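Structure data (compact mmCIF, C-alpha atoms and all ligand atoms) from my_file05.txt:
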```txt
# COMPACT_ATOMS: atom_id res chain seq x y z
CA MET A 69 -21.14 -14.44 7.17
CA SER A 70 -19.54 -11.68 5.09
CA ARG A 71 -18.85 -12.10 1.36
CA LEU A 72 -16.06 -9.78 0.21
CA LEU A 73 -14.60 -8.92 -3.16
CA VAL A 74 -11.05 -7.67 -2.62
CA THR A 75 -9.64 -5.91 -5.67
CA GLY A 76 -5.85 -5.76 -5.84
CA GLY A 77 -5.66 -8.54 -3.26
CA ALA A 78 -2.34 -9.81 -4.65
CA GLY A 79 -0.61 -6.48 -3.97
CA PHE A 80 1.19 -5.38 -0.83
CA ILE A 81 -1.67 -4.15 1.35
CA GLY A 82 -4.31 -6.40 -0.23
CA VAL A 83 -2.36 -9.55 0.64
CA ASN A 84 -1.96 -8.44 4.25
CA PHE A 85 -5.65 -7.54 4.40
CA VAL A 86 -6.86 -10.89 3.00
CA ARG A 87 -4.55 -12.91 5.22
CA GLY A 88 -5.61 -10.95 8.30
CA TRP A 89 -9.30 -11.04 7.43
CA LEU A 90 -9.41 -14.81 6.86
CA ALA A 91 -7.42 -15.40 10.05
CA ARG A 92 -9.84 -13.27 12.10
CA HIS A 93 -13.04 -14.21 10.24
CA PRO A 94 -12.52 -17.82 9.15
CA ALA A 95 -16.16 -18.36 8.18
CA ASP A 96 -16.17 -15.46 5.69
CA ARG A 97 -15.64 -15.50 1.95
CA CYS A 98 -12.82 -13.45 0.37
CA VAL A 99 -12.68 -13.38 -3.41
CA VAL A 100 -9.56 -11.68 -4.74
CA LEU A 101 -9.78 -9.97 -8.13
CA ASP A 102 -6.33 -8.99 -9.34
CA ALA A 103 -4.83 -8.42 -12.78
CA LEU A 104 -1.38 -9.53 -11.58
CA THR A 105 0.46 -6.53 -12.95
CA TYR A 106 4.17 -6.25 -12.14
CA ALA A 107 3.12 -5.38 -8.55
CA GLY A 108 0.70 -8.27 -8.07
CA ARG A 109 2.28 -11.47 -6.82
CA ARG A 110 0.20 -14.66 -6.93
CA GLU A 111 2.75 -16.39 -4.66
CA SER A 112 2.03 -13.85 -1.91
CA LEU A 113 -1.31 -15.65 -1.48
CA ASP A 114 0.31 -19.11 -1.22
CA GLY A 115 -1.27 -21.26 1.46
CA LEU A 116 -4.73 -19.72 1.13
CA ASP A 117 -6.03 -21.79 -1.81
CA SER A 118 -6.96 -24.73 0.39
CA ARG A 119 -9.29 -22.55 2.46
CA PRO A 120 -12.95 -22.83 1.47
CA GLY A 121 -13.48 -19.11 2.02
CA PHE A 122 -10.77 -18.08 -0.44
CA ARG A 123 -10.90 -17.70 -4.22
CA PHE A 124 -8.47 -16.03 -6.58
CA VAL A 125 -9.60 -14.63 -9.92
CA GLN A 126 -7.12 -13.11 -12.33
CA GLY A 127 -8.95 -10.25 -13.98
CA ASP A 128 -9.07 -6.53 -14.57
CA ILE A 129 -11.24 -4.10 -12.62
CA ARG A 130 -11.82 -2.27 -15.90
CA ASP A 131 -13.65 -5.33 -17.25
CA ARG A 132 -17.25 -4.61 -16.29
CA GLY A 133 -18.50 -8.08 -17.30
CA THR A 134 -15.99 -9.84 -15.06
CA VAL A 135 -16.76 -7.62 -12.10
CA GLU A 136 -20.53 -7.80 -12.44
CA GLY A 137 -20.42 -11.56 -13.02
CA LEU A 138 -18.36 -12.05 -9.86
CA LEU A 139 -20.62 -9.86 -7.73
CA ARG A 140 -23.67 -11.87 -8.83
CA GLU A 141 -22.07 -15.31 -8.71
CA GLU A 142 -20.49 -14.77 -5.31
CA ARG A 143 -23.41 -12.77 -3.88
CA THR A 144 -20.79 -10.26 -2.76
CA HIS A 145 -22.02 -7.51 -0.46
CA ILE A 146 -18.71 -5.83 0.43
CA ILE A 147 -16.10 -4.54 -2.03
CA VAL A 148 -12.75 -3.55 -0.58
CA HIS A 149 -11.07 -1.72 -3.42
CA PHE A 150 -7.26 -1.75 -3.30
CA ALA A 151 -6.47 -2.29 -6.99
CA ALA A 152 -4.44 0.59 -8.37
CA GLU A 153 -1.22 1.69 -9.92
CA SER A 154 0.48 2.83 -6.74
CA HIS A 155 4.03 4.09 -7.31
CA VAL A 156 4.53 7.87 -7.54
CA ASP A 157 7.78 7.59 -9.53
CA ARG A 158 6.09 5.40 -12.14
CA SER A 159 3.24 7.92 -12.38
CA ILE A 160 5.83 10.56 -13.26
CA ALA A 161 7.42 8.28 -15.86
CA GLY A 162 4.03 7.34 -17.39
CA PRO A 163 0.82 8.92 -16.04
CA GLU A 164 -1.67 7.45 -18.51
CA VAL A 165 -2.14 4.03 -16.97
CA PHE A 166 -2.70 5.70 -13.59
CA VAL A 167 -5.73 7.57 -14.91
CA ASP A 168 -7.00 4.52 -16.71
CA VAL A 169 -6.73 2.08 -13.79
CA ASN A 170 -7.23 4.33 -10.80
CA VAL A 171 -9.96 6.59 -12.19
CA ARG A 172 -11.70 4.64 -14.94
CA GLY A 173 -11.19 1.33 -13.14
CA THR A 174 -12.83 2.71 -10.00
CA GLN A 175 -15.73 4.06 -12.04
CA VAL A 176 -16.27 0.67 -13.71
CA LEU A 177 -16.35 -0.98 -10.29
CA LEU A 178 -18.81 1.63 -9.01
CA GLU A 179 -21.09 1.06 -12.02
CA ALA A 180 -21.00 -2.69 -11.57
CA ALA A 181 -21.78 -2.34 -7.87
CA ARG A 182 -24.62 0.05 -8.62
CA ALA A 183 -26.10 -2.30 -11.24
CA VAL A 184 -26.01 -5.31 -8.93
CA TRP A 185 -26.63 -3.81 -5.51
CA LEU A 186 -29.18 -1.11 -6.26
CA ALA A 187 -31.37 -3.13 -8.66
CA GLY A 188 -34.97 -3.70 -7.54
CA ASP A 189 -35.34 -3.28 -3.78
CA GLY A 190 -31.57 -3.21 -3.39
CA MET A 191 -29.51 -5.15 -0.85
CA PRO A 192 -27.34 -4.16 2.12
CA HIS A 193 -23.85 -3.49 0.84
CA ARG A 194 -20.65 -1.47 1.23
CA PHE A 195 -18.16 -0.17 -1.32
CA HIS A 196 -14.93 0.79 0.42
CA HIS A 197 -12.23 2.72 -1.41
CA VAL A 198 -8.70 2.39 -0.01
CA SER A 199 -7.14 5.76 -0.69
CA THR A 200 -4.11 7.77 0.31
CA ASP A 201 -3.14 10.86 2.27
CA GLU A 202 -1.37 12.09 -0.87
CA VAL A 203 -4.70 13.49 -2.13
CA TYR A 204 -4.25 16.35 0.38
CA GLY A 205 -0.97 17.55 -1.15
CA SER A 206 2.14 18.71 0.64
CA LEU A 207 2.55 20.27 4.11
CA GLU A 208 5.23 22.67 5.24
CA PRO A 209 6.96 21.97 8.57
CA GLY A 210 4.70 23.10 11.42
CA GLU A 211 1.47 23.12 9.40
CA PRO A 212 -1.37 21.11 11.00
CA ALA A 213 -1.81 17.51 9.89
CA PHE A 214 -4.44 16.48 7.31
CA THR A 215 -7.98 16.01 8.59
CA GLU A 216 -10.92 14.60 6.64
CA VAL A 217 -11.94 18.14 5.65
CA THR A 218 -8.54 19.31 4.42
CA PRO A 219 -9.08 20.47 0.81
CA TYR A 220 -7.75 18.15 -1.86
CA ALA A 221 -4.54 19.42 -3.50
CA PRO A 222 -2.80 16.44 -5.12
CA THR A 223 0.52 17.12 -6.80
CA SER A 224 1.67 13.89 -8.52
CA PRO A 225 -0.25 12.09 -11.28
CA TYR A 226 -0.67 9.18 -8.84
CA ALA A 227 -2.19 11.41 -6.14
CA ALA A 228 -4.38 13.21 -8.69
CA SER A 229 -5.75 9.89 -9.94
CA LYS A 230 -6.54 8.73 -6.40
CA ALA A 231 -8.22 12.08 -5.66
CA ALA A 232 -10.38 11.70 -8.78
CA ALA A 233 -11.35 8.20 -7.69
CA ASP A 234 -12.31 9.49 -4.22
CA HIS A 235 -14.54 12.14 -5.84
CA LEU A 236 -16.25 9.48 -7.96
CA VAL A 237 -16.89 7.32 -4.91
CA ARG A 238 -18.50 10.27 -3.10
CA ALA A 239 -20.51 11.14 -6.21
CA TYR A 240 -21.94 7.61 -6.41
CA HIS A 241 -22.96 7.89 -2.77
CA ARG A 242 -24.64 11.28 -3.17
CA THR A 243 -26.16 10.75 -6.59
CA PHE A 244 -27.19 7.10 -6.57
CA GLY A 245 -27.31 6.24 -2.87
CA LEU A 246 -24.53 3.66 -3.07
CA SER A 247 -23.31 2.86 0.44
CA THR A 248 -19.66 3.86 0.26
CA SER A 249 -16.76 4.70 2.53
CA ILE A 250 -13.24 5.98 1.94
CA SER A 251 -10.08 5.73 4.01
CA ASN A 252 -7.08 7.95 3.35
CA CYS A 253 -4.02 6.31 4.81
CA SER A 254 -0.42 7.38 5.28
CA ASN A 255 2.66 5.47 4.05
CA ASN A 256 2.52 1.76 4.86
CA TYR A 257 5.42 -0.64 5.31
CA GLY A 258 5.71 -4.33 6.21
CA PRO A 259 5.71 -7.85 4.76
CA PHE A 260 5.12 -8.32 1.01
CA HIS A 261 6.04 -4.69 0.23
CA PHE A 262 7.20 -4.43 -3.38
CA PRO A 263 10.91 -3.50 -3.42
CA GLU A 264 10.53 -0.33 -5.47
CA LYS A 265 9.21 1.68 -2.50
CA LEU A 266 11.63 3.31 -0.07
CA ILE A 267 11.69 0.84 2.85
CA PRO A 268 11.72 -2.52 1.03
CA LEU A 269 14.09 -1.12 -1.61
CA CYS A 270 16.55 -0.11 1.10
CA ILE A 271 16.26 -3.47 2.89
CA VAL A 272 17.00 -5.53 -0.23
CA ASN A 273 19.73 -3.11 -1.31
CA LEU A 274 21.36 -3.43 2.12
CA LEU A 275 21.28 -7.23 1.89
CA GLU A 276 22.74 -7.02 -1.62
CA GLY A 277 25.34 -4.37 -0.76
CA LYS A 278 23.86 -1.78 -3.13
CA ALA A 279 23.48 1.98 -2.67
CA LEU A 280 20.51 3.38 -0.73
CA PRO A 281 19.17 6.20 -2.95
CA VAL A 282 17.70 9.03 -0.88
CA TYR A 283 16.06 11.75 -2.95
CA GLY A 284 17.07 15.40 -2.57
CA ASP A 285 18.23 16.42 0.90
CA GLY A 286 16.54 13.43 2.57
CA LYS A 287 14.44 15.75 4.75
CA ASN A 288 11.06 14.98 3.18
CA VAL A 289 8.72 13.71 5.87
CA ARG A 290 6.30 10.79 5.67
CA ASP A 291 3.90 9.48 8.35
CA TRP A 292 4.57 5.74 8.63
CA LEU A 293 2.09 3.00 9.55
CA TYR A 294 2.71 -0.74 9.86
CA VAL A 295 0.57 -2.47 7.25
CA GLU A 296 -1.18 -4.75 9.75
CA ASP A 297 -2.40 -1.66 11.61
CA HIS A 298 -3.77 -0.23 8.37
CA CYS A 299 -5.65 -3.50 7.80
CA LEU A 300 -7.07 -3.45 11.33
CA GLY A 301 -8.17 0.15 10.76
CA LEU A 302 -9.92 -0.91 7.54
CA GLU A 303 -11.73 -3.63 9.46
CA ARG A 304 -12.98 -1.04 11.94
CA VAL A 305 -14.26 1.17 9.10
CA LEU A 306 -16.01 -1.78 7.45
CA ALA A 307 -17.59 -2.83 10.74
CA ASP A 308 -18.77 0.49 12.13
CA GLY A 309 -17.85 3.29 9.72
CA ARG A 310 -20.80 5.37 8.58
CA PRO A 311 -21.87 5.24 4.91
CA GLY A 312 -20.68 8.22 2.92
CA GLU A 313 -17.91 8.99 5.40
CA THR A 314 -14.17 9.35 5.05
CA TYR A 315 -11.69 8.22 7.70
CA ASN A 316 -8.02 9.19 7.84
CA ILE A 317 -5.79 6.36 9.04
CA GLY A 318 -2.28 7.16 10.27
CA GLY A 319 0.32 6.31 12.83
CA ARG A 320 1.24 9.71 14.34
CA CYS A 321 4.71 8.69 13.21
CA GLU A 322 6.38 11.41 11.17
CA LYS A 323 9.96 10.67 10.07
CA THR A 324 12.32 12.21 7.55
CA ASN A 325 13.48 9.81 4.86
CA LEU A 326 17.01 10.02 6.24
CA GLU A 327 15.73 9.02 9.69
CA VAL A 328 13.97 6.02 8.16
CA VAL A 329 17.01 4.93 6.19
CA THR A 330 19.51 5.38 9.03
CA THR A 331 17.19 3.49 11.40
CA LEU A 332 17.10 0.63 8.89
CA CYS A 333 20.90 0.73 8.66
CA ARG A 334 21.24 0.47 12.42
CA MET A 335 18.78 -2.42 12.57
CA VAL A 336 20.53 -4.40 9.85
CA ASP A 337 23.92 -3.80 11.54
CA GLU A 338 22.45 -5.13 14.80
CA VAL A 339 20.80 -8.16 13.22
CA PHE A 340 24.05 -9.19 11.52
CA ALA A 341 26.01 -8.63 14.73
CA GLY A 342 23.63 -10.98 16.57
CA GLU A 343 23.50 -13.62 13.80
CA PRO A 344 26.93 -14.21 12.20
CA ARG A 345 25.44 -16.94 9.94
CA LEU A 346 23.83 -14.14 7.90
CA ARG A 347 27.27 -13.16 6.60
CA SER A 348 27.49 -16.26 4.40
CA ARG A 349 23.89 -15.82 3.18
CA PHE A 350 24.40 -12.14 2.30
CA PRO A 351 28.14 -11.76 1.58
CA GLN A 352 27.71 -8.35 -0.11
CA ALA A 353 25.90 -6.75 2.85
CA PRO A 354 28.13 -4.14 4.53
CA PRO A 355 28.39 -6.00 7.89
CA SER A 356 29.62 -9.09 6.00
CA ARG A 357 32.47 -6.94 4.63
CA GLY A 358 33.32 -5.26 7.91
CA GLN A 359 31.51 -2.03 7.02
CA MET A 360 28.65 -0.05 8.51
CA CYS A 361 25.35 -0.07 6.60
CA GLU A 362 25.25 3.73 6.61
CA SER A 363 28.21 3.72 4.22
CA LEU A 364 25.70 2.86 1.47
CA VAL A 365 23.49 5.97 1.90
CA ARG A 366 23.58 8.25 -1.17
CA LEU A 367 21.75 11.53 -1.68
CA VAL A 368 20.55 11.42 -5.30
CA GLN A 369 18.66 13.71 -7.68
CA ASP A 370 15.26 14.66 -6.28
CA ARG A 371 11.87 13.44 -7.53
CA PRO A 372 10.11 16.14 -9.63
CA GLY A 373 7.41 17.85 -7.55
CA HIS A 374 8.48 15.90 -4.46
CA ASP A 375 5.96 16.57 -1.66
CA ARG A 376 7.78 17.89 1.38
CA ARG A 377 5.69 16.48 4.16
CA TYR A 378 2.62 14.31 4.81
CA ALA A 379 1.00 14.00 8.24
CA ILE A 380 -2.33 12.44 9.16
CA ASP A 381 -4.58 13.63 11.97
CA PRO A 382 -6.33 10.38 12.95
CA THR A 383 -8.59 11.92 15.63
CA LYS A 384 -11.82 10.95 13.86
CA ILE A 385 -11.09 7.22 13.60
CA GLU A 386 -9.65 7.23 17.14
CA HIS A 387 -12.77 8.80 18.65
CA GLU A 388 -15.50 7.41 16.44
CA LEU A 389 -14.22 3.88 15.81
CA LEU A 390 -11.86 3.53 18.79
CA PHE A 391 -8.98 2.59 16.52
CA GLU A 392 -5.33 3.08 17.40
CA PRO A 393 -2.29 1.43 15.81
CA ALA A 394 -0.80 -1.39 17.89
CA THR A 395 2.73 -1.48 16.45
CA SER A 396 5.46 1.08 17.10
CA PHE A 397 7.76 2.17 14.27
CA GLU A 398 10.75 0.38 15.86
CA ALA A 399 8.81 -2.87 16.28
CA GLY A 400 7.21 -2.69 12.84
CA LEU A 401 10.48 -1.92 11.10
CA ALA A 402 12.28 -4.71 12.96
CA ALA A 403 9.53 -7.16 11.96
CA THR A 404 9.81 -5.98 8.36
CA VAL A 405 13.60 -6.45 8.26
CA ARG A 406 13.12 -9.92 9.74
CA TRP A 407 10.43 -10.76 7.17
CA PHE A 408 12.69 -9.84 4.24
CA ILE A 409 15.57 -11.87 5.70
CA GLU A 410 13.27 -14.87 6.06
CA HIS A 411 11.56 -14.51 2.68
CA GLU A 412 14.57 -14.15 0.42
CA ALA A 413 13.02 -16.29 -2.35
CA TRP A 414 10.01 -13.92 -2.55
CA TRP A 415 12.06 -10.80 -3.27
CA ARG A 416 14.79 -12.53 -5.26
CA SER A 417 12.25 -13.69 -7.82
CA ILE A 418 11.13 -10.06 -8.23
CA LEU A 419 14.71 -8.80 -8.52
CA ALA A 420 15.46 -11.44 -11.17
CA GLY A 421 12.57 -10.27 -13.36
CA GLY A 422 13.38 -8.26 -16.48
CA ALA A 423 10.68 -5.66 -15.76
CA TYR A 424 12.11 -4.90 -12.34
CA ARG A 425 15.68 -4.65 -13.61
CA GLU A 426 14.57 -2.37 -16.42
CA TRP A 427 12.69 -0.08 -14.02
CA MET A 428 15.60 0.11 -11.59
CA SER A 429 18.19 0.92 -14.24
CA ARG A 430 15.91 3.54 -15.80
CA GLN A 431 15.00 5.14 -12.49
CA TYR A 432 18.34 5.14 -10.71
CA ALA A 433 21.22 4.94 -13.18
CA PRO A 434 21.27 8.67 -14.08
CA ARG A 435 20.60 9.72 -10.49
CA LYS A 436 23.67 8.25 -8.83
CA ALA A 437 25.61 10.98 -7.05
P1 LIG A 501 0.44 -2.42 -4.93
O1 LIG A 501 0.94 -1.68 -6.12
O2 LIG A 501 1.38 -3.23 -4.12
O3 LIG A 501 -0.73 -3.42 -5.39
C1 LIG A 501 -1.70 -3.05 -6.33
C2 LIG A 501 -2.41 -4.32 -6.78
O4 LIG A 501 -3.44 -3.95 -7.72
C3 LIG A 501 -1.50 -5.31 -7.50
O5 LIG A 501 -1.72 -6.61 -7.02
C4 LIG A 501 -1.92 -5.21 -8.96
O6 LIG A 501 -1.75 -6.41 -9.69
C5 LIG A 501 -3.39 -4.84 -8.82
N1 LIG A 501 -3.92 -4.16 -9.99
C6 LIG A 501 -3.37 -3.10 -10.64
N2 LIG A 501 -4.13 -2.76 -11.70
C7 LIG A 501 -5.20 -3.60 -11.70
C8 LIG A 501 -6.34 -3.74 -12.53
N3 LIG A 501 -6.52 -2.96 -13.59
N4 LIG A 501 -7.24 -4.69 -12.23
C9 LIG A 501 -7.05 -5.51 -11.17
N5 LIG A 501 -5.98 -5.43 -10.35
C10 LIG A 501 -5.06 -4.49 -10.62
O7 LIG A 501 -0.31 -1.34 -4.06
P2 LIG A 501 -0.48 -1.25 -2.47
O8 LIG A 501 0.70 -0.56 -1.90
O9 LIG A 501 -0.87 -2.58 -1.93
O10 LIG A 501 -1.71 -0.24 -2.37
C11 LIG A 501 -3.04 -0.73 -2.39
C12 LIG A 501 -3.99 0.44 -2.36
O11 LIG A 501 -3.77 1.20 -1.19
C13 LIG A 501 -3.83 1.40 -3.55
O12 LIG A 501 -5.11 1.79 -3.98
C14 LIG A 501 -3.05 2.56 -2.97
O13 LIG A 501 -3.38 3.75 -3.64
C15 LIG A 501 -3.55 2.57 -1.54
N6 LIG A 501 -2.60 3.10 -0.54
C16 LIG A 501 -1.32 2.62 -0.48
C17 LIG A 501 -0.45 3.10 0.51
C18 LIG A 501 0.96 2.57 0.64
O14 LIG A 501 1.72 3.09 1.45
N7 LIG A 501 1.34 1.53 -0.09
C19 LIG A 501 -0.89 4.09 1.40
C20 LIG A 501 -2.20 4.57 1.30
C21 LIG A 501 -3.05 4.05 0.32
P1 LIG A 502 7.69 5.96 -1.60
O1 LIG A 502 7.98 4.70 -0.85
O2 LIG A 502 7.84 5.96 -3.08
O3 LIG A 502 6.24 6.46 -1.17
P2 LIG A 502 5.48 7.88 -1.48
O4 LIG A 502 6.20 8.58 -2.55
O5 LIG A 502 4.15 7.38 -1.90
O6 LIG A 502 5.47 8.62 -0.19
O7 LIG A 502 8.63 7.09 -1.04
C1 LIG A 502 8.64 7.45 0.33
C2 LIG A 502 9.58 8.62 0.46
O8 LIG A 502 10.89 8.18 0.13
C3 LIG A 502 9.28 9.75 -0.51
O9 LIG A 502 9.56 11.00 0.14
C4 LIG A 502 10.24 9.54 -1.65
C5 LIG A 502 11.44 8.93 -0.96
N1 LIG A 502 12.23 7.98 -1.76
C6 LIG A 502 13.62 8.11 -1.80
O10 LIG A 502 14.20 9.03 -1.16
N2 LIG A 502 14.34 7.21 -2.53
C7 LIG A 502 13.75 6.22 -3.23
O11 LIG A 502 14.46 5.43 -3.90
C8 LIG A 502 12.32 6.08 -3.17
C9 LIG A 502 11.62 4.98 -3.93
C10 LIG A 502 11.60 6.99 -2.41
```

Let me see the structure of the file written as structure tokens.
Amino acid sequence: MSRLLVTGGAGFIGVNFVRGWLARHPADRCVVLDALTYAGRRESLDGLDSRPGFRFVQGDIRDRGTVEGLLREERTHIIVHFAAESHVDRSIAGPEVFVDVNVRGTQVLLEAARAVWLAGDGMPHRFHHVSTDEVYGSLEPGEPAFTEVTPYAPTSPYAASKAAADHLVRAYHRTFGLSTSISNCSNNYGPFHFPEKLIPLCIVNLLEGKALPVYGDGKNVRDWLYVEDHCLGLERVLADGRPGETYNIGGRCEKTNLEVVTTLCRMVDEVFAGEPRLRSRFPQAPPSRGQMCESLVRLVQDRPGHDRRYAIDPTKIEHELLFEPATSFEAGLAATVRWFIEHEAWWRSILAGGAYREWMSRQYAPRKA
């Protein structure tokens, strides 16, 4: 039986990970530690509280006493560390909290793990840091994709804070012998994605009949991975990944932002054409008003320092851990659109919140073309 502490387990990827883990490993214990910041949604974990293997603790990874107490009380031997400030645009608006949570928070977790796991004769354990491909910086078209030995060259405060956290994780492995691993993953999308990131923002804006803001010329490239595939990749790393190693996880799925947005537009047009009842549920959506979804696409002012292209070379995880994503971009995006249509209450409660409205008006009002 495995006993996991999942930090940030009320956020987008953490929720998908916990749900998938408990479904596939019903005898295991998953304790979620999450501060429930604006991005953490307790309701995303609804339905799990009745399971004996599940526990939710609201708390901060920067609180050493809480973390150490939980590790001892729960006899945790695996930490899966998702908790972070994760939105690049917010890191540009206010970098400080990114350093505090992503760097200092990771170091507090590492110290707590070291104190509990390496005391006396020590115990078998694993500290896994869920990181990002953004630590590698920006690629030009035609340049080879990021491998695990690509030098770090982060450009945004978010990416720099994740890079620093990665370095600390490696340092605790080399210096203290903590059994660690790191995965650097490309852009995820799927259920429970907070609607400030490109794909969920565009889906809810389409359903609400609002503009789809595409930064710059829309030709920036991201490498997209369905969130369930990321979670399956993490499970492979936890099962058979070697201590001290890094694994890149990606979907070999490079798309420009305009390709992503126009694909979403086509999908929403098709869904509405096949289900006329959606017109009364979403009267502002373009198909409900006899318009094409693409009519809402707007090129807006670019993000400062906007990385041109990310691309992951996943050869190592493919060969060493026999992991390959199961979901194509078309299938994953269609499932995501469907999820947002079916979980309107989840995103509407976010949209109704003052913090979300304030962020959106601050971020997008001056950018409208
Ligand atoms: P998210 O912003 O949706 O969720 C982050 C979670 O962390 C939230 O539940 C939040 O409440 C919690 N949290 C924040 N500060 C905390 C603190 N001090 N103590 C405890 N909990 C805290 O993020 P996400 O998209 O689910 O990303 C999860 C992790 O995966 C992050 O570390 C991110 O860097 C990494 N990652 C994300 C992507 C992506 O495409 N979303 C890709 C690669 C890597
Ligand atoms: P995002 O979802 O913020 O992820 P990241 O910046 O971590 O890659 O953005 C994905 C891409 O979409 C990125 O190139 C920025 C772009 N983007 C827009 O064009 N418009 C938007 O409103 C947002 C949020 C992002």

Env of Glu111 (chain A): 12 Å cut, atoms = only C-alpha atoms, seq-sep filter 5 positions within chain, self excluded. Answer as a list of chain:residue names.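 So the residues in contact are A:Gly77, A:Ala78, A:Gly79, A:Phe80, A:Val83, A:Leu104, A:Leu116, A:Asp117, A:Phe124, A:Phe260, A:His411, A:Ala413, A:Trp414, A:Trp415, A:Ser417, A:Ile418.
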
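Taking only C-alpha atoms into account, the residues near (-13.2, 18.6, 5.6), no farther than 12 Å, are Tyr204, Phe214, Thr215, Glu216, Val217, Thr218, Pro219, Tyr220, Glu313, Thr314, Tyr315, Asn316, Asp381 and Lys384 of chain A.
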
Return as an mmCIF file with C-alpha atoms, keeping the file's coordinate frame every polymer residue, whether protein, DNA or RNA, with at least one atom no more than 7 Å from an atom of ligand LIG 502 (chain A); count only C-alpha atoms and all ligand atoms.
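File selection-v7.cif, as written:
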```
data_model
loop_
_atom_site.group_PDB
_atom_site.id
_atom_site.type_symbol
_atom_site.label_atom_id
_atom_site.label_comp_id
_atom_site.auth_asym_id
_atom_site.auth_seq_id
_atom_site.Cartn_x
_atom_site.Cartn_y
_atom_site.Cartn_z
ATOM 1 C CA HIS A 155 4.030 4.090 -7.310
ATOM 2 C CA VAL A 156 4.530 7.870 -7.540
ATOM 3 C CA ASP A 157 7.780 7.590 -9.530
ATOM 4 C CA ASN A 255 2.660 5.470 4.050
ATOM 5 C CA GLU A 264 10.530 -0.330 -5.470
ATOM 6 C CA LYS A 265 9.210 1.680 -2.500
ATOM 7 C CA LEU A 266 11.630 3.310 -0.070
ATOM 8 C CA ILE A 267 11.690 0.840 2.850
ATOM 9 C CA LEU A 269 14.090 -1.120 -1.610
ATOM 10 C CA PRO A 281 19.170 6.200 -2.950
ATOM 11 C CA VAL A 282 17.700 9.030 -0.880
ATOM 12 C CA TYR A 283 16.060 11.750 -2.950
ATOM 13 C CA GLY A 286 16.540 13.430 2.570
ATOM 14 C CA ASN A 288 11.060 14.980 3.180
ATOM 15 C CA VAL A 289 8.720 13.710 5.870
ATOM 16 C CA ARG A 290 6.300 10.790 5.670
ATOM 17 C CA ASN A 325 13.480 9.810 4.860
ATOM 18 C CA HIS A 374 8.480 15.900 -4.460
ATOM 19 C CA ASP A 375 5.960 16.570 -1.660
#
```

With only C-alpha atoms as the basis for distance, which of A:Arg347, A:Arg110, A:His193, A:Arg377 is at the shortest distance from Ile147 (chain A)? A:His193

Output the neighbourhood of ligand LIG 501 (chain A) as a PyMOL selection string, that is, all protein and nucleic acid residues with some atom at most 7 Å from the ligand, counting only C-alpha atoms and all ligand atoms. chain A and resi 75-82+101-109+127-130+149-155+169+173+198-201+230+252-257+261-262

Atom-to-atom span, CA of Leu207 (chain A) and CA of Pro268 (chain A), Å: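 Distance between the two atoms: 24.8 Å.
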
Shell of 10 Å around Leu274 (chain A), all atoms listed in the file, local chain residues under 3 positions omitted, as a PyMOL selection string: chain A and resi 268-271+277-280+332-333+336-337+350+352-355+361-362+364-365

Please compute the CA of Val203 (chain A)-CA of Thr223 (chain A) distance, one decimal, in Å. 7.9 Å

To one decimal in Å, tell me the separation between CA of Gln175 (chain A) and CA of Leu236 (chain A).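 Value for the CA of Gln175 (chain A)-CA of Leu236 (chain A) distance: 6.8 Å.
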
If you count only C-alpha atoms, the residue of A:His93, A:Thr144, A:Pro351, A:Gly309 closest to Glu388 (chain A) turns out to be A:Gly309

Identify, on the basis of only C-alpha atoms, every residue whose closest approach to Phe166 (chain A) does not exceed 7 Å; exclude the query and any residue fewer than 3 positions from it along the same chain; express the result as an mmCIF file with C-alpha atoms, in the coordinates of the input.
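See part-v3.cif below for the written result:
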```
data_model
loop_
_atom_site.group_PDB
_atom_site.id
_atom_site.type_symbol
_atom_site.label_atom_id
_atom_site.label_comp_id
_atom_site.auth_asym_id
_atom_site.auth_seq_id
_atom_site.Cartn_x
_atom_site.Cartn_y
_atom_site.Cartn_z
ATOM 1 C CA GLU A 153 -1.220 1.690 -9.920
ATOM 2 C CA SER A 159 3.240 7.920 -12.380
ATOM 3 C CA PRO A 163 0.820 8.920 -16.040
ATOM 4 C CA VAL A 169 -6.730 2.080 -13.790
ATOM 5 C CA ASN A 170 -7.230 4.330 -10.800
ATOM 6 C CA TYR A 226 -0.670 9.180 -8.840
ATOM 7 C CA SER A 229 -5.750 9.890 -9.940
#
```

So which one's closest to Ser247 (chain A), A:Ala420, A:Ile146, A:Ala221, A:Leu300? Using all atoms listed in the file, please.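 The shortest atom-to-atom distance to Ser247 (chain A) comes from A:Ile146.
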
Nearest residue to Gln126 (chain A) from the set A:Pro263, A:His145, A:Val100, A:Tyr432 (distances using all atoms listed in the file):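 Smallest separation from Gln126 (chain A) among the options: A:Val100.
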
Closest to Arg371 (chain A) among A:His241, A:Asp285, A:Ser251, A:Ala231, using all atoms listed in the file?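 That would be A:Asp285, the residue with the smallest distance to Arg371 (chain A).
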
Between A:Pro222, A:Gly205, A:Gly358, A:Pro382, which residue has the minimum interatomic distance to Leu293 (chain A), considering all atoms listed in the file?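 So, comparing all the options, the nearest one is A:Pro382.
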